[in-house]
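File shown here: structure_33.pdb, holding PDB, C-alpha atoms, pLDDT in the B column.
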```pdb
MODEL        1
ATOM      1  CA  ASP A 901      -1.490  14.775  -0.292  1.00 88.00           C
ATOM      2  CA  PHE A 902      -0.632  12.732  -3.381  1.00 92.00           C
ATOM      3  CA  TYR A 903      -3.160  14.486  -5.607  1.00 92.00           C
ATOM      4  CA  GLU A 904      -2.218  17.914  -4.256  1.00 95.00           C
ATOM      5  CA  SER A 905       1.464  17.287  -4.975  1.00 95.00           C
ATOM      6  CA  TYR A 906       0.679  15.896  -8.414  1.00 93.00           C
ATOM      7  CA  LYS A 907      -1.513  18.876  -9.333  1.00 94.00           C
ATOM      8  CA  ALA A 908       1.224  21.235  -8.122  1.00 96.00           C
ATOM      9  CA  LYS A 909       3.611  19.410 -10.497  1.00 93.00           C
ATOM     10  CA  MET A 910       5.729  18.270  -7.556  1.00 95.00           C
ATOM     11  CA  HIS A 911       6.087  14.856  -9.128  1.00 95.00           C
ATOM     12  CA  ALA A 912       8.950  13.600  -6.943  1.00 95.00           C
ATOM     13  CA  ASP A 913       6.924  14.372  -3.819  1.00 96.00           C
ATOM     14  CA  ALA A 914       3.798  12.820  -5.346  1.00 96.00           C
ATOM     15  CA  GLY A 915       5.756   9.683  -6.235  1.00 96.00           C
ATOM     16  CA  ALA A 916       7.187   9.400  -2.735  1.00 96.00           C
ATOM     17  CA  ILE A 917       3.723   9.749  -1.199  1.00 96.00           C
ATOM     18  CA  LEU A 918       2.212   7.234  -3.609  1.00 96.00           C
ATOM     19  CA  LEU A 919       4.954   4.696  -2.981  1.00 96.00           C
ATOM     20  CA  SER A 920       4.673   5.096   0.766  1.00 96.00           C
ATOM     21  CA  ILE A 921       0.899   4.579   0.638  1.00 95.00           C
ATOM     22  CA  LEU A 922       1.389   1.362  -1.338  1.00 94.00           C
ATOM     23  CA  VAL A 923       4.398  -0.033   0.525  1.00 92.00           C
ATOM     24  CA  GLU A 924       3.048   0.703   3.989  1.00 93.00           C
ATOM     25  CA  GLU A 925      -0.332  -0.697   2.910  1.00 91.00           C
ATOM     26  CA  ILE A 926      -2.137   2.432   4.079  1.00 91.00           C
ATOM     27  CA  ALA A 927      -4.659   2.276   1.248  1.00 89.00           C
ATOM     28  CA  PRO A 928      -7.553  -0.147   1.449  1.00 88.00           C
ATOM     29  CA  PRO A 929      -7.103  -3.126  -0.881  1.00 83.00           C
ATOM     30  CA  HIS A 930      -9.798  -1.921  -3.272  1.00 84.00           C
ATOM     31  CA  ALA A 931      -7.862   1.346  -3.859  1.00 90.00           C
ATOM     32  CA  VAL A 932      -4.525  -0.241  -4.779  1.00 91.00           C
ATOM     33  CA  ALA A 933      -5.392  -0.667  -8.470  1.00 92.00           C
ATOM     34  CA  ASP A 934      -6.355   3.001  -8.750  1.00 93.00           C
ATOM     35  CA  LEU A 935      -3.108   4.054  -7.076  1.00 94.00           C
ATOM     36  CA  LEU A 936      -1.079   1.900  -9.449  1.00 95.00           C
ATOM     37  CA  VAL A 937      -2.866   3.497 -12.400  1.00 94.00           C
ATOM     38  CA  ASP A 938      -2.074   6.909 -10.893  1.00 94.00           C
ATOM     39  CA  ALA A 939       1.607   5.907 -10.952  1.00 95.00           C
ATOM     40  CA  ILE A 940       1.628   5.420 -14.734  1.00 95.00           C
ATOM     41  CA  PRO A 941       2.066   9.105 -15.709  1.00 95.00           C
ATOM     42  CA  LEU A 942       4.891   9.367 -13.176  1.00 95.00           C
ATOM     43  CA  LEU A 943       6.586   6.358 -14.748  1.00 95.00           C
ATOM     44  CA  GLU A 944       6.108   7.614 -18.310  1.00 95.00           C
ATOM     45  CA  GLY A 945       7.023  11.266 -17.784  1.00 91.00           C
ATOM     46  CA  ASP A 946      10.264  12.968 -18.748  1.00 92.00           C
ATOM     47  CA  GLU A 947      11.207  13.466 -15.104  1.00 91.00           C
ATOM     48  CA  LEU A 948      12.737  10.502 -13.265  1.00 95.00           C
ATOM     49  CA  VAL A 949      10.434  10.043 -10.284  1.00 96.00           C
ATOM     50  CA  PHE A 950      11.100   6.454  -9.171  1.00 96.00           C
ATOM     51  CA  SER A 951      14.409   4.681  -8.766  1.00 96.00           C
ATOM     52  CA  ALA A 952      14.841   1.160 -10.118  1.00 96.00           C
ATOM     53  CA  ASP A 953      14.189  -0.270  -6.644  1.00 96.00           C
ATOM     54  CA  GLN A 954      11.044   1.835  -6.255  1.00 96.00           C
ATOM     55  CA  THR A 955       9.823   0.740  -9.687  1.00 96.00           C
ATOM     56  CA  PHE A 956      10.314  -2.891  -8.675  1.00 96.00           C
ATOM     57  CA  GLU A 957       8.314  -2.161  -5.528  1.00 95.00           C
ATOM     58  CA  LEU A 958       5.462  -0.838  -7.693  1.00 96.00           C
ATOM     59  CA  MET A 959       5.703  -4.005  -9.773  1.00 95.00           C
ATOM     60  CA  ARG A 960       5.570  -6.101  -6.581  1.00 94.00           C
ATOM     61  CA  CYS A 961       2.382  -4.277  -5.556  1.00 93.00           C
ATOM     62  CA  ALA A 962       0.874  -4.909  -8.999  1.00 93.00           C
ATOM     63  CA  GLU A 963       1.769  -8.603  -8.795  1.00 93.00           C
ATOM     64  CA  ALA A 964       0.313  -8.863  -5.280  1.00 90.00           C
ATOM     65  CA  LEU A 965      -2.872  -7.255  -6.565  1.00 89.00           C
ATOM     66  CA  ARG A 966      -3.004  -9.672  -9.494  1.00 89.00           C
ATOM     67  CA  GLN A 967      -2.767 -12.621  -7.129  1.00 88.00           C
ATOM     68  CA  SER A 968      -5.137 -11.279  -4.491  1.00 82.00           C
ATOM     69  CA  PRO A 969      -8.655 -12.611  -4.163  1.00 76.00           C
ATOM     70  CA  PHE A 970     -11.444 -10.209  -5.009  1.00 62.00           C
ATOM     71  CA  PRO A 971     -14.922 -10.164  -3.446  1.00 52.00           C
ATOM     72  CA  THR A 972     -16.161 -12.378  -6.271  1.00 40.00           C
ATOM     73  CA  GLY A 973     -13.868 -15.091  -4.940  1.00 43.00           C
ATOM     74  CA  GLY A 974     -11.608 -15.023  -7.987  1.00 46.00           C
ATOM     75  CA  SER A 975      -8.440 -13.192  -8.735  1.00 47.00           C
ATOM     76  CA  VAL A 976      -7.538 -10.675 -11.382  1.00 50.00           C
ATOM     77  CA  ASP A 977      -6.690 -12.392 -14.631  1.00 52.00           C
ATOM     78  CA  GLU A 978      -3.842 -11.372 -16.913  1.00 51.00           C
ATOM     79  CA  GLY A 979      -6.119  -9.478 -19.309  1.00 52.00           C
ATOM     80  CA  GLU A 980      -7.437  -7.222 -16.571  1.00 50.00           C
ATOM     81  CA  MET A 981      -3.918  -6.230 -15.552  1.00 49.00           C
ATOM     82  CA  THR A 982      -3.105  -4.619 -18.880  1.00 49.00           C
ATOM     83  CA  ALA A 983      -4.558  -1.347 -17.587  1.00 48.00           C
ATOM     84  CA  ILE A 984      -2.078  -1.324 -14.720  1.00 45.00           C
TER      85      ILE A 984
ENDMDL
END
```
Output the structure of this file as structure tokens.
Amino acid sequence: DFYESYKAKMHADAGAILLSILVEEIAPPHAVADLLVDAIPLLEGDELVFSADQTFELMRCAEALRQSPFPTGGSVDEGEMTAI
């Protein structure tokens, strides 16, 4: 649904779907980074898609990802988060 809405240029709907997937933890942990990257064009666009509270929620998800353990037993270091 997210990608369909995004392709149809229904950015507000796409943002709402993306945020709900992240907040409700519907996505598997390994997909969270990709979803956060998908949020970047919505954050940088001319259209206001996310409120301040929603943007903070995206930041919370990014921080949780940064602190989460990965299969290698480590966590994401600061340098790896620059893409998000």
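Each of A:Ala927, A:Ala914, A:Leu965, A:Ile921 was checked against Pro941 (chain A) using all atoms listed in the file; the smallest atom-to-atom distance is that of A:Ala914.
Closest approach to Asp946 (chain A) among A:Leu918, A:His911, A:Glu925, A:Val932 is made by A:His911 (distances from all atoms listed in the file).
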message: Please report the interatomic distance between CA of Pro928 (chain A) and CA of Leu948 (chain A) in Å with one decimal.
response: 27.2 Å
Return as JSON the centre and edge lengths, in Å with one decimal, of the box along x, y and z that encloses every atom of region 938-949 of chain A in the file, padded by 3 Å per side.
```
{"center_x": 5.3, "center_y": 9.4, "center_z": -14.5, "size_x": 20.8, "size_y": 14.0, "size_z": 14.5}
```
- prompt: So what do you get for CA of Phe950 (chain A) versus CA of Glu924 (chain A), distance-wise?
  reply: 16.5 Å
Model the absent atoms of region 905-916 of chain A so that all heavy atoms are present, and write the result as a JSON list (two decimals), keeping the file's coordinate frame.
```
[["chain", "number", "residue", "atom", "x", "y", "z"],
["A", 905, "SER", "N", 0.09, 17.21, -4.46],
["A", 905, "SER", "CA", 1.46, 17.29, -4.97],
["A", 905, "SER", "C", 1.49, 17.10, -6.49],
["A", 905, "SER", "O", 2.21, 17.80, -7.19],
["A", 905, "SER", "CB", 2.35, 16.23, -4.30],
["A", 905, "SER", "OG", 2.47, 16.48, -2.94],
["A", 906, "TYR", "N", 0.70, 16.16, -6.97],
["A", 906, "TYR", "CA", 0.68, 15.90, -8.41],
["A", 906, "TYR", "C", 0.16, 17.11, -9.17],
["A", 906, "TYR", "O", 0.74, 17.52, -10.18],
["A", 906, "TYR", "CB", -0.18, 14.66, -8.71],
["A", 906, "TYR", "CG", -0.10, 14.26, -10.15],
["A", 906, "TYR", "CD1", 0.97, 13.52, -10.62],
["A", 906, "TYR", "CD2", -1.08, 14.64, -11.06],
["A", 906, "TYR", "CE1", 1.06, 13.15, -11.95],
["A", 906, "TYR", "CE2", -1.00, 14.27, -12.40],
["A", 906, "TYR", "CZ", 0.07, 13.53, -12.83],
["A", 906, "TYR", "OH", 0.16, 13.19, -14.15],
["A", 907, "LYS", "N", -0.95, 17.70, -8.68],
["A", 907, "LYS", "CA", -1.51, 18.88, -9.33],
["A", 907, "LYS", "C", -0.56, 20.06, -9.30],
["A", 907, "LYS", "O", -0.53, 20.87, -10.23],
["A", 907, "LYS", "CB", -2.83, 19.27, -8.68],
["A", 907, "LYS", "CG", -3.97, 18.34, -9.02],
["A", 907, "LYS", "CD", -5.25, 18.76, -8.33],
["A", 907, "LYS", "CE", -6.34, 17.74, -8.54],
["A", 907, "LYS", "NZ", -7.55, 18.07, -7.78],
["A", 908, "ALA", "N", 0.25, 20.15, -8.25],
["A", 908, "ALA", "CA", 1.22, 21.24, -8.12],
["A", 908, "ALA", "C", 2.50, 20.94, -8.92],
["A", 908, "ALA", "O", 3.46, 21.69, -8.85],
["A", 908, "ALA", "CB", 1.56, 21.46, -6.66],
["A", 909, "LYS", "N", 2.48, 19.83, -9.67],
["A", 909, "LYS", "CA", 3.61, 19.41, -10.50],
["A", 909, "LYS", "C", 4.86, 19.11, -9.67],
["A", 909, "LYS", "O", 5.98, 19.22, -10.13],
["A", 909, "LYS", "CB", 3.90, 20.42, -11.60],
["A", 909, "LYS", "CG", 2.72, 20.60, -12.54],
["A", 909, "LYS", "CD", 3.14, 21.27, -13.82],
["A", 909, "LYS", "CE", 1.98, 21.58, -14.72],
["A", 909, "LYS", "NZ", 1.22, 20.47, -15.18],
["A", 910, "MET", "N", 4.64, 18.72, -8.42],
["A", 910, "MET", "CA", 5.73, 18.27, -7.56],
["A", 910, "MET", "C", 5.76, 16.74, -7.65],
["A", 910, "MET", "O", 5.38, 16.03, -6.73],
["A", 910, "MET", "CB", 5.50, 18.77, -6.12],
["A", 910, "MET", "CG", 5.47, 20.27, -6.04],
["A", 910, "MET", "SD", 5.21, 21.04, -4.42],
["A", 910, "MET", "CE", 4.64, 19.80, -3.34],
["A", 911, "HIS", "N", 6.20, 16.27, -8.81],
["A", 911, "HIS", "CA", 6.09, 14.86, -9.13],
["A", 911, "HIS", "C", 6.94, 13.97, -8.23],
["A", 911, "HIS", "O", 6.51, 12.85, -7.89],
["A", 911, "HIS", "CB", 6.42, 14.62, -10.60],
["A", 911, "HIS", "CG", 5.43, 15.27, -11.50],
["A", 911, "HIS", "ND1", 5.78, 15.84, -12.70],
["A", 911, "HIS", "CD2", 4.10, 15.49, -11.38],
["A", 911, "HIS", "CE1", 4.72, 16.36, -13.29],
["A", 911, "HIS", "NE2", 3.68, 16.15, -12.49],
["A", 912, "ALA", "N", 8.12, 14.41, -7.83],
["A", 912, "ALA", "CA", 8.95, 13.60, -6.94],
["A", 912, "ALA", "C", 8.25, 13.40, -5.60],
["A", 912, "ALA", "O", 8.23, 12.29, -5.05],
["A", 912, "ALA", "CB", 10.32, 14.23, -6.76],
["A", 913, "ASP", "N", 7.67, 14.48, -5.08],
["A", 913, "ASP", "CA", 6.92, 14.37, -3.82],
["A", 913, "ASP", "C", 5.71, 13.47, -3.99],
["A", 913, "ASP", "O", 5.41, 12.64, -3.12],
["A", 913, "ASP", "CB", 6.47, 15.76, -3.33],
["A", 913, "ASP", "CG", 7.63, 16.62, -2.87],
["A", 913, "ASP", "OD1", 8.72, 16.08, -2.60],
["A", 913, "ASP", "OD2", 7.45, 17.85, -2.78],
["A", 914, "ALA", "N", 4.98, 13.64, -5.08],
["A", 914, "ALA", "CA", 3.80, 12.82, -5.35],
["A", 914, "ALA", "C", 4.19, 11.34, -5.44],
["A", 914, "ALA", "O", 3.51, 10.48, -4.87],
["A", 914, "ALA", "CB", 3.11, 13.27, -6.63],
["A", 915, "GLY", "N", 5.29, 11.07, -6.12],
["A", 915, "GLY", "CA", 5.76, 9.68, -6.24],
["A", 915, "GLY", "C", 6.13, 9.09, -4.89],
["A", 915, "GLY", "O", 5.81, 7.93, -4.60],
["A", 916, "ALA", "N", 6.80, 9.88, -4.06],
["A", 916, "ALA", "CA", 7.19, 9.40, -2.74],
["A", 916, "ALA", "C", 5.95, 9.10, -1.88],
["A", 916, "ALA", "O", 5.90, 8.08, -1.18],
["A", 916, "ALA", "CB", 8.07, 10.43, -2.04]]
```
